[in-house]
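Engineer: Before I ask anything, here is the structure I am working with.
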Amino acid sequence: MICSIGAFAADGESIMLHGGENPAAMPCISCHAPDGKGMPSAGFPRLSGLPAAYIEKQLHDFRLGSRQNPVMQPIAKALTDSEIIAVANAYAKRPKINVLKAPTTPPIPGSGGWIAQRGEWSKNIPECTLCHGPDGVGVGNAFPPLAGQSPLYLESQLLAWKGEVASAKNKKASPPTRHNDPNGLMQHIAASLSDTQIKAVSEYFGTLGDSTEAFDESQHRLR
Ligand code: HEC
Ligand code: HEC
């Protein structure tokens, strides 16, 4: 009996290790690390424990170009729909972020922690934890965790939504390369923050979490 390979369900764990059927869909582990926690110094994000629906959405966004990245776009285009579902579900089953260093003291006005927990209401920016959950652990399928990602990655995403505005020093404006957020929520936030504020809030969330301990389900809730 002849069976086409496509008739078999895609195996998410195998895609992580060996890549998809199309060789252009490179093994995820080579950049997102064997444990799926990413490579902080290179700015490669953590995928372990992210919601399956969020991962699927991002891969479709890379395909569509509403999220532009020279590395991930060709990989997402090379994955089949069933491979996307399989690999997203496999990563979602991996350990989630656990907040190890939750702040115990109130944030200092103007600091990264302040923007994260109180927002910047003079610019209509709500606190990040409103959507991203207490300590940035993420909420449901739509609001990804920020804790557990590296400061470098978080900053790169906020800058991707912001784009570069032309100035006296920097004459060439570059438009945002990420515009995949529902209702432009993140675009408004990123565009309203200064680059210094973006760095500070990325540093804050980027140093909060890790998943070396068992995941505490009670952390995943809306306030
Ligand atoms: C050659 C390196 C490389 C490989 C291989 C790779 N990625 Fe990525 N991935 C990246 C980079 C870099 C980013 C950040 C892109 C950006 O800045 O938008 C990323 C981002 C992502 C994101 C978005 C995460 C988030 O928090 O929004 C997903 C999902 C993803 N990759 C899935 C995969 C999957 C699944 C595979 C394997 C089939 C894979 N990647 C293979 C480099 C890689
Ligand atoms: C009103 C809700 C809301 C608020 C408030 C909010 N976010 Fe988000 N954020 C989102 C949504 C929705 C996404 C996912 C967008 C997508 O699907 O790509 C997101 C994604 C992100 C990402 C990308 C994560 C990744 O894995 O690629 C970063 C970084 C981020 N937000 C930072 C922040 C920061 C910093 C603040 C506070 C200054 C903040 N957000 C406030 C809704 C919000």
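Please note that chains go A, B, ... in the order of the structure tokens, that every chain numbers its residues from 1, and that ligands are numbered from 1 in the order shown.
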Please, which residues have at least one atom within 8 Å of an atom of ligand 2, using only C-alpha atoms and all ligand atoms, listed as a PDB file with N, CA and C atoms, in the first residue's frame?
Structural biologist:
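Listed below is the output, pocket.pdb:
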ATOM      1  N   PRO A  45      13.489  34.355  20.808  1.00  0.00           N
ATOM      2  CA  PRO A  45      12.514  34.261  21.899  1.00  0.00           C
ATOM      3  C   PRO A  45      12.290  32.845  22.414  1.00  0.00           C
ATOM      4  N   ARG A  46      11.780  32.797  23.629  1.00  0.00           N
ATOM      5  CA  ARG A  46      11.331  31.559  24.248  1.00  0.00           C
ATOM      6  C   ARG A  46      10.022  31.132  23.583  1.00  0.00           C
ATOM      7  N   TYR A  54      -1.438  31.442  20.217  1.00  0.00           N
ATOM      8  CA  TYR A  54      -0.547  32.594  19.995  1.00  0.00           C
ATOM      9  C   TYR A  54       0.571  32.214  19.016  1.00  0.00           C
ATOM     10  N   LYS A  57      -0.794  31.946  15.543  1.00  0.00           N
ATOM     11  CA  LYS A  57      -1.065  33.276  14.977  1.00  0.00           C
ATOM     12  C   LYS A  57       0.222  33.937  14.488  1.00  0.00           C
ATOM     13  N   GLN A  58       1.284  33.847  15.288  1.00  0.00           N
ATOM     14  CA  GLN A  58       2.533  34.500  14.889  1.00  0.00           C
ATOM     15  C   GLN A  58       3.084  33.890  13.606  1.00  0.00           C
ATOM     16  N   ILE A 115       6.068  51.685  34.773  1.00  0.00           N
ATOM     17  CA  ILE A 115       5.314  51.579  33.508  1.00  0.00           C
ATOM     18  C   ILE A 115       4.591  50.221  33.466  1.00  0.00           C
ATOM     19  N   ALA A 116       5.294  49.185  33.900  1.00  0.00           N
ATOM     20  CA  ALA A 116       4.729  47.837  33.871  1.00  0.00           C
ATOM     21  C   ALA A 116       3.504  47.712  34.771  1.00  0.00           C
ATOM     22  N   GLY A 119       1.506  51.989  34.459  1.00  0.00           N
ATOM     23  CA  GLY A 119       1.265  52.625  33.171  1.00  0.00           C
ATOM     24  C   GLY A 119       1.788  54.044  33.118  1.00  0.00           C
ATOM     25  N   GLU A 120       1.481  54.711  32.010  1.00  0.00           N
ATOM     26  CA  GLU A 120       1.920  56.105  31.805  1.00  0.00           C
ATOM     27  C   GLU A 120       0.680  56.830  31.310  1.00  0.00           C
ATOM     28  N   ILE A 125      -1.275  55.317  28.271  1.00  0.00           N
ATOM     29  CA  ILE A 125      -0.729  53.963  28.267  1.00  0.00           C
ATOM     30  C   ILE A 125      -1.142  53.257  29.552  1.00  0.00           C
ATOM     31  N   PRO A 126      -1.975  52.202  29.426  1.00  0.00           N
ATOM     32  CA  PRO A 126      -2.355  51.458  30.625  1.00  0.00           C
ATOM     33  C   PRO A 126      -1.176  50.622  31.114  1.00  0.00           C
ATOM     34  N   GLU A 127      -1.253  50.151  32.364  1.00  0.00           N
ATOM     35  CA  GLU A 127      -0.188  49.286  32.867  1.00  0.00           C
ATOM     36  C   GLU A 127      -0.142  48.000  32.040  1.00  0.00           C
ATOM     37  N   CYS A 128       1.060  47.532  31.766  1.00  0.00           N
ATOM     38  CA  CYS A 128       1.223  46.344  30.916  1.00  0.00           C
ATOM     39  C   CYS A 128       0.560  45.126  31.554  1.00  0.00           C
ATOM     40  N   THR A 129       0.580  45.051  32.884  1.00  0.00           N
ATOM     41  CA  THR A 129       0.041  43.875  33.583  1.00  0.00           C
ATOM     42  C   THR A 129      -1.477  43.749  33.410  1.00  0.00           C
ATOM     43  N   LEU A 130      -2.134  44.840  32.993  1.00  0.00           N
ATOM     44  CA  LEU A 130      -3.579  44.795  32.742  1.00  0.00           C
ATOM     45  C   LEU A 130      -3.905  43.726  31.699  1.00  0.00           C
ATOM     46  N   CYS A 131      -3.097  43.668  30.654  1.00  0.00           N
ATOM     47  CA  CYS A 131      -3.329  42.674  29.600  1.00  0.00           C
ATOM     48  C   CYS A 131      -2.406  41.465  29.725  1.00  0.00           C
ATOM     49  N   HIS A 132      -1.163  41.708  30.128  1.00  0.00           N
ATOM     50  CA  HIS A 132      -0.175  40.617  30.140  1.00  0.00           C
ATOM     51  C   HIS A 132      -0.171  39.840  31.457  1.00  0.00           C
ATOM     52  N   ALA A 142      -4.482  35.213  23.828  1.00  0.00           N
ATOM     53  CA  ALA A 142      -4.168  36.409  23.054  1.00  0.00           C
ATOM     54  C   ALA A 142      -3.043  37.245  23.646  1.00  0.00           C
ATOM     55  N   PHE A 143      -2.867  37.178  24.975  1.00  0.00           N
ATOM     56  CA  PHE A 143      -1.900  38.056  25.642  1.00  0.00           C
ATOM     57  C   PHE A 143      -0.680  37.239  26.069  1.00  0.00           C
ATOM     58  N   PRO A 144       0.398  37.322  25.307  1.00  0.00           N
ATOM     59  CA  PRO A 144       1.550  36.451  25.569  1.00  0.00           C
ATOM     60  C   PRO A 144       2.305  36.853  26.837  1.00  0.00           C
ATOM     61  N   PRO A 145       3.032  35.886  27.435  1.00  0.00           N
ATOM     62  CA  PRO A 145       3.863  36.242  28.582  1.00  0.00           C
ATOM     63  C   PRO A 145       5.008  37.163  28.157  1.00  0.00           C
ATOM     64  N   LEU A 146       5.362  38.078  29.022  1.00  0.00           N
ATOM     65  CA  LEU A 146       6.542  38.919  28.790  1.00  0.00           C
ATOM     66  C   LEU A 146       7.683  38.433  29.684  1.00  0.00           C
ATOM     67  N   GLN A 149      10.887  36.138  28.605  1.00  0.00           N
ATOM     68  CA  GLN A 149      11.559  36.578  27.379  1.00  0.00           C
ATOM     69  C   GLN A 149      12.737  37.465  27.785  1.00  0.00           C
ATOM     70  N   TYR A 153      14.974  40.736  23.316  1.00  0.00           N
ATOM     71  CA  TYR A 153      13.849  40.365  22.461  1.00  0.00           C
ATOM     72  C   TYR A 153      12.664  41.302  22.679  1.00  0.00           C
ATOM     73  N   LEU A 154      12.331  41.579  23.934  1.00  0.00           N
ATOM     74  CA  LEU A 154      11.175  42.442  24.227  1.00  0.00           C
ATOM     75  C   LEU A 154      11.381  43.822  23.608  1.00  0.00           C
ATOM     76  N   GLU A 155      12.592  44.359  23.778  1.00  0.00           N
ATOM     77  CA  GLU A 155      12.893  45.675  23.217  1.00  0.00           C
ATOM     78  C   GLU A 155      12.766  45.652  21.691  1.00  0.00           C
ATOM     79  N   SER A 156      13.269  44.578  21.061  1.00  0.00           N
ATOM     80  CA  SER A 156      13.222  44.513  19.594  1.00  0.00           C
ATOM     81  C   SER A 156      11.775  44.516  19.095  1.00  0.00           C
ATOM     82  N   GLN A 157      10.864  43.882  19.836  1.00  0.00           N
ATOM     83  CA  GLN A 157       9.468  43.829  19.401  1.00  0.00           C
ATOM     84  C   GLN A 157       8.780  45.181  19.559  1.00  0.00           C
ATOM     85  N   LEU A 158       9.078  45.867  20.671  1.00  0.00           N
ATOM     86  CA  LEU A 158       8.470  47.193  20.861  1.00  0.00           C
ATOM     87  C   LEU A 158       8.981  48.146  19.786  1.00  0.00           C
ATOM     88  N   HIS A 179       2.956  44.752  12.626  1.00  0.00           N
ATOM     89  CA  HIS A 179       1.653  45.413  12.768  1.00  0.00           C
ATOM     90  C   HIS A 179       0.561  44.358  12.751  1.00  0.00           C
ATOM     91  N   ASN A 180       0.710  43.394  13.664  1.00  0.00           N
ATOM     92  CA  ASN A 180      -0.188  42.245  13.704  1.00  0.00           C
ATOM     93  C   ASN A 180      -1.023  42.207  14.973  1.00  0.00           C
ATOM     94  N   ASP A 181      -1.025  43.297  15.730  1.00  0.00           N
ATOM     95  CA  ASP A 181      -1.732  43.285  17.014  1.00  0.00           C
ATOM     96  C   ASP A 181      -3.180  43.707  16.832  1.00  0.00           C
ATOM     97  N   PRO A 182      -4.105  42.978  17.478  1.00  0.00           N
ATOM     98  CA  PRO A 182      -5.522  43.307  17.318  1.00  0.00           C
ATOM     99  C   PRO A 182      -5.788  44.767  17.709  1.00  0.00           C
ATOM    100  N   LEU A 185      -3.401  47.784  19.398  1.00  0.00           N
ATOM    101  CA  LEU A 185      -3.146  48.031  20.822  1.00  0.00           C
ATOM    102  C   LEU A 185      -1.668  48.283  21.106  1.00  0.00           C
ATOM    103  N   MET A 186      -0.852  47.342  20.654  1.00  0.00           N
ATOM    104  CA  MET A 186       0.573  47.432  20.968  1.00  0.00           C
ATOM    105  C   MET A 186       1.259  48.530  20.164  1.00  0.00           C
ATOM    106  N   ILE A 189       0.831  51.706  22.018  1.00  0.00           N
ATOM    107  CA  ILE A 189       1.668  51.724  23.222  1.00  0.00           C
ATOM    108  C   ILE A 189       3.130  51.959  22.858  1.00  0.00           C
ATOM    109  N   ALA A 190       3.626  51.197  21.869  1.00  0.00           N
ATOM    110  CA  ALA A 190       5.040  51.310  21.494  1.00  0.00           C
ATOM    111  C   ALA A 190       5.355  52.689  20.935  1.00  0.00           C
ATOM    112  N   LEU A 193       5.714  55.326  23.785  1.00  0.00           N
ATOM    113  CA  LEU A 193       6.826  55.230  24.735  1.00  0.00           C
ATOM    114  C   LEU A 193       8.101  55.777  24.091  1.00  0.00           C
ATOM    115  N   ILE A 198      11.124  52.245  26.641  1.00  0.00           N
ATOM    116  CA  ILE A 198      11.050  50.898  26.046  1.00  0.00           C
ATOM    117  C   ILE A 198      12.148  50.021  26.628  1.00  0.00           C
ATOM    118  N   VAL A 201      11.306  49.195  30.472  1.00  0.00           N
ATOM    119  CA  VAL A 201      10.220  48.233  30.711  1.00  0.00           C
ATOM    120  C   VAL A 201      10.624  46.840  30.190  1.00  0.00           C
ATOM    121  N   SER A 202      11.428  46.789  29.140  1.00  0.00           N
ATOM    122  CA  SER A 202      11.920  45.507  28.619  1.00  0.00           C
ATOM    123  C   SER A 202      12.871  44.872  29.632  1.00  0.00           C
ATOM    124  N   PHE A 205      10.608  43.385  32.645  1.00  0.00           N
ATOM    125  CA  PHE A 205       9.953  42.095  32.403  1.00  0.00           C
ATOM    126  C   PHE A 205      10.979  41.010  32.053  1.00  0.00           C
TER     127      PHE A 205
END
Engineer: Based on DSSP run over this structure's backbone, return all residues of stretch 90-220 of chain A in strand (DSSP E or B), as a list in words.
Structural biologist: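 Secondary structure check on stretch 90-220 of chain A, strand (DSSP E or B): Asn98, Val99, Glu120, Ile125, Val139, Phe143, Glu164, Ser174, Arg178, Gly209 and Asp210 of chain A.
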Engineer: Which protein, DNA or RNA residues have an atom within 6 Å of ligand 1, counting only C-alpha atoms and all ligand atoms, as JSON, numbers by chain?
Structural biologist: {"A": [15, 16, 19, 25, 26, 27, 28, 30, 31, 44, 45, 55, 58, 59, 69, 71, 72, 87]}
Engineer: Could those selected residues go to a file with all heavy atoms, as a compact mmCIF listing (two decimals), in the first residue's frame?
Structural biologist:
# COMPACT_ATOMS: atom_id res chain seq x y z
N ILE A 15 9.40 18.13 14.48
CA ILE A 15 9.66 19.40 13.77
C ILE A 15 10.65 20.26 14.56
O ILE A 15 11.55 20.87 14.00
CB ILE A 15 8.33 20.15 13.51
CG1 ILE A 15 7.44 19.33 12.57
CG2 ILE A 15 8.59 21.54 12.92
CD1 ILE A 15 6.00 19.81 12.50
N MET A 16 10.49 20.28 15.88
CA MET A 16 11.43 21.03 16.71
C MET A 16 12.87 20.56 16.46
O MET A 16 13.78 21.35 16.30
CB MET A 16 11.14 20.79 18.20
CG MET A 16 9.87 21.39 18.72
SD MET A 16 9.76 20.86 20.45
CE MET A 16 8.11 21.41 20.84
N GLY A 19 13.07 19.82 11.94
CA GLY A 19 12.48 20.73 10.98
C GLY A 19 11.29 20.10 10.27
O GLY A 19 10.93 18.95 10.56
N ALA A 25 12.14 24.79 6.26
CA ALA A 25 11.58 24.88 7.62
C ALA A 25 12.59 24.26 8.57
O ALA A 25 12.50 23.10 8.95
CB ALA A 25 10.24 24.15 7.68
N MET A 26 13.61 25.05 8.91
CA MET A 26 14.75 24.55 9.68
C MET A 26 14.35 24.10 11.08
O MET A 26 13.36 24.58 11.63
CB MET A 26 15.79 25.67 9.79
CG MET A 26 16.47 26.00 8.48
SD MET A 26 17.74 27.23 8.76
CE MET A 26 16.78 28.74 8.78
N PRO A 27 15.16 23.21 11.68
CA PRO A 27 14.85 22.75 13.04
C PRO A 27 14.75 23.94 14.01
O PRO A 27 15.66 24.77 14.08
CB PRO A 27 16.04 21.87 13.41
CG PRO A 27 16.68 21.49 12.11
CD PRO A 27 16.38 22.59 11.15
N CYS A 28 13.67 24.00 14.74
CA CYS A 28 13.44 25.13 15.65
C CYS A 28 14.51 25.20 16.74
O CYS A 28 14.89 26.28 17.18
CB CYS A 28 12.07 25.01 16.31
SG CYS A 28 10.77 24.41 15.22
N SER A 30 17.57 24.86 16.71
CA SER A 30 18.86 25.50 16.42
C SER A 30 18.86 26.97 16.82
O SER A 30 19.91 27.55 17.05
CB SER A 30 19.26 25.31 14.95
OG SER A 30 18.23 25.70 14.10
N CYS A 31 17.72 27.60 16.92
CA CYS A 31 17.67 28.99 17.39
C CYS A 31 16.88 29.14 18.69
O CYS A 31 17.22 29.97 19.54
CB CYS A 31 17.05 29.89 16.34
SG CYS A 31 18.01 29.97 14.81
N PHE A 44 16.73 35.50 20.43
CA PHE A 44 15.78 34.50 19.94
C PHE A 44 14.79 34.20 21.06
O PHE A 44 15.18 33.83 22.16
CB PHE A 44 16.50 33.21 19.54
CG PHE A 44 17.51 33.37 18.43
CD1 PHE A 44 18.57 32.49 18.29
CD2 PHE A 44 17.39 34.41 17.51
CE1 PHE A 44 19.50 32.64 17.26
CE2 PHE A 44 18.31 34.57 16.48
CZ PHE A 44 19.37 33.69 16.36
N PRO A 45 13.49 34.35 20.81
CA PRO A 45 12.51 34.26 21.90
C PRO A 45 12.29 32.84 22.41
O PRO A 45 12.54 31.86 21.72
CB PRO A 45 11.23 34.80 21.27
CG PRO A 45 11.39 34.55 19.81
CD PRO A 45 12.86 34.70 19.52
N ILE A 55 1.19 31.04 19.22
CA ILE A 55 2.27 30.60 18.33
C ILE A 55 1.75 30.46 16.90
O ILE A 55 2.36 30.94 15.95
CB ILE A 55 2.88 29.27 18.82
CG1 ILE A 55 3.56 29.46 20.18
CG2 ILE A 55 3.87 28.70 17.79
CD1 ILE A 55 4.14 28.19 20.79
N GLN A 58 1.28 33.85 15.29
CA GLN A 58 2.53 34.50 14.89
C GLN A 58 3.08 33.89 13.61
O GLN A 58 3.57 34.61 12.73
CB GLN A 58 3.58 34.42 16.01
CG GLN A 58 3.16 35.10 17.31
CD GLN A 58 2.67 36.51 17.11
OE1 GLN A 58 3.34 37.33 16.46
NE2 GLN A 58 1.52 36.84 17.65
N LEU A 59 3.00 32.57 13.48
CA LEU A 59 3.53 31.92 12.27
C LEU A 59 2.72 32.33 11.05
O LEU A 59 3.28 32.59 9.98
CB LEU A 59 3.57 30.39 12.47
CG LEU A 59 4.61 29.93 13.51
CD1 LEU A 59 4.43 28.46 13.87
CD2 LEU A 59 6.04 30.17 13.02
N ASN A 69 10.17 39.59 9.47
CA ASN A 69 11.47 39.23 10.01
C ASN A 69 12.17 38.35 8.98
O ASN A 69 11.62 37.35 8.55
CB ASN A 69 11.31 38.49 11.35
CG ASN A 69 12.67 38.11 11.93
OD1 ASN A 69 13.14 37.00 11.71
ND2 ASN A 69 13.29 39.01 12.64
N VAL A 71 14.49 36.24 9.12
CA VAL A 71 14.79 34.85 9.51
C VAL A 71 13.51 34.01 9.57
O VAL A 71 13.43 32.92 8.99
CB VAL A 71 15.53 34.80 10.88
CG1 VAL A 71 15.79 33.37 11.30
CG2 VAL A 71 16.83 35.60 10.80
N MET A 72 12.49 34.51 10.27
CA MET A 72 11.30 33.70 10.52
C MET A 72 10.33 33.64 9.35
O MET A 72 9.57 32.68 9.22
CB MET A 72 10.55 34.19 11.76
CG MET A 72 11.03 33.60 13.08
SD MET A 72 11.21 31.80 13.06
CE MET A 72 9.53 31.23 12.77
N VAL A 87 3.48 21.84 15.76
CA VAL A 87 4.63 22.39 16.51
C VAL A 87 4.15 23.39 17.57
O VAL A 87 4.69 23.45 18.67
CB VAL A 87 5.70 22.98 15.53
CG1 VAL A 87 5.30 24.33 14.97
CG2 VAL A 87 7.06 23.06 16.21
Engineer: Would you mind listing what lies within 9 Å of A:Ala9 as a PyMOL selection string, with only C-alpha atoms counted and same-chain residues fewer than 6 positions away left out?
Structural biologist: chain A and resi 82-83+86
Engineer: Record the distance separating atom CA of A:Gly136 and atom CA of A:Lys96, expressed in Å with one decimal.
Structural biologist: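 Computing it gives 12.0 Å between the two atoms.
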Engineer: Find the residue from A:Ala10, A:Leu159, A:Ala24, A:Ala166 that sits nearest to A:Asn89; use only C-alpha atoms when measuring.
Structural biologist: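 Using only C-alpha atoms, A:Asn89 sits closest to A:Ala10.
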Engineer: Which is closer to A:Ser122 than all the others in A:Ala42, A:Gly148, A:Ser192, A:Glu21, using only C-alpha atoms?
Structural biologist: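 Selected residue with least distance to A:Ser122: A:Ser192.
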Engineer: Counting only C-alpha atoms, which of A:Tyr91, A:Trp161, A:Pro103, A:Asp11 gets nearest to A:Ile29?
Structural biologist: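 Ranked by minimum distance to A:Ile29, first place goes to A:Tyr91.
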Engineer: Would you pick out the contacts of A:Glu203 at 8 Å or less, using only C-alpha atoms, so that residues sharing its chain but fewer than 4 positions from it are not included, and give the list as a compact mmCIF listing (two decimals) with C-alpha atoms, in the first residue's frame?
Structural biologist:
# COMPACT_ATOMS: atom_id res chain seq x y z
CA GLY A 112 10.40 50.29 34.04
CA SER A 150 14.91 38.36 27.24
CA PRO A 151 15.20 42.15 27.54
CA LYS A 199 14.48 49.83 27.29
CA THR A 207 14.59 39.79 34.28
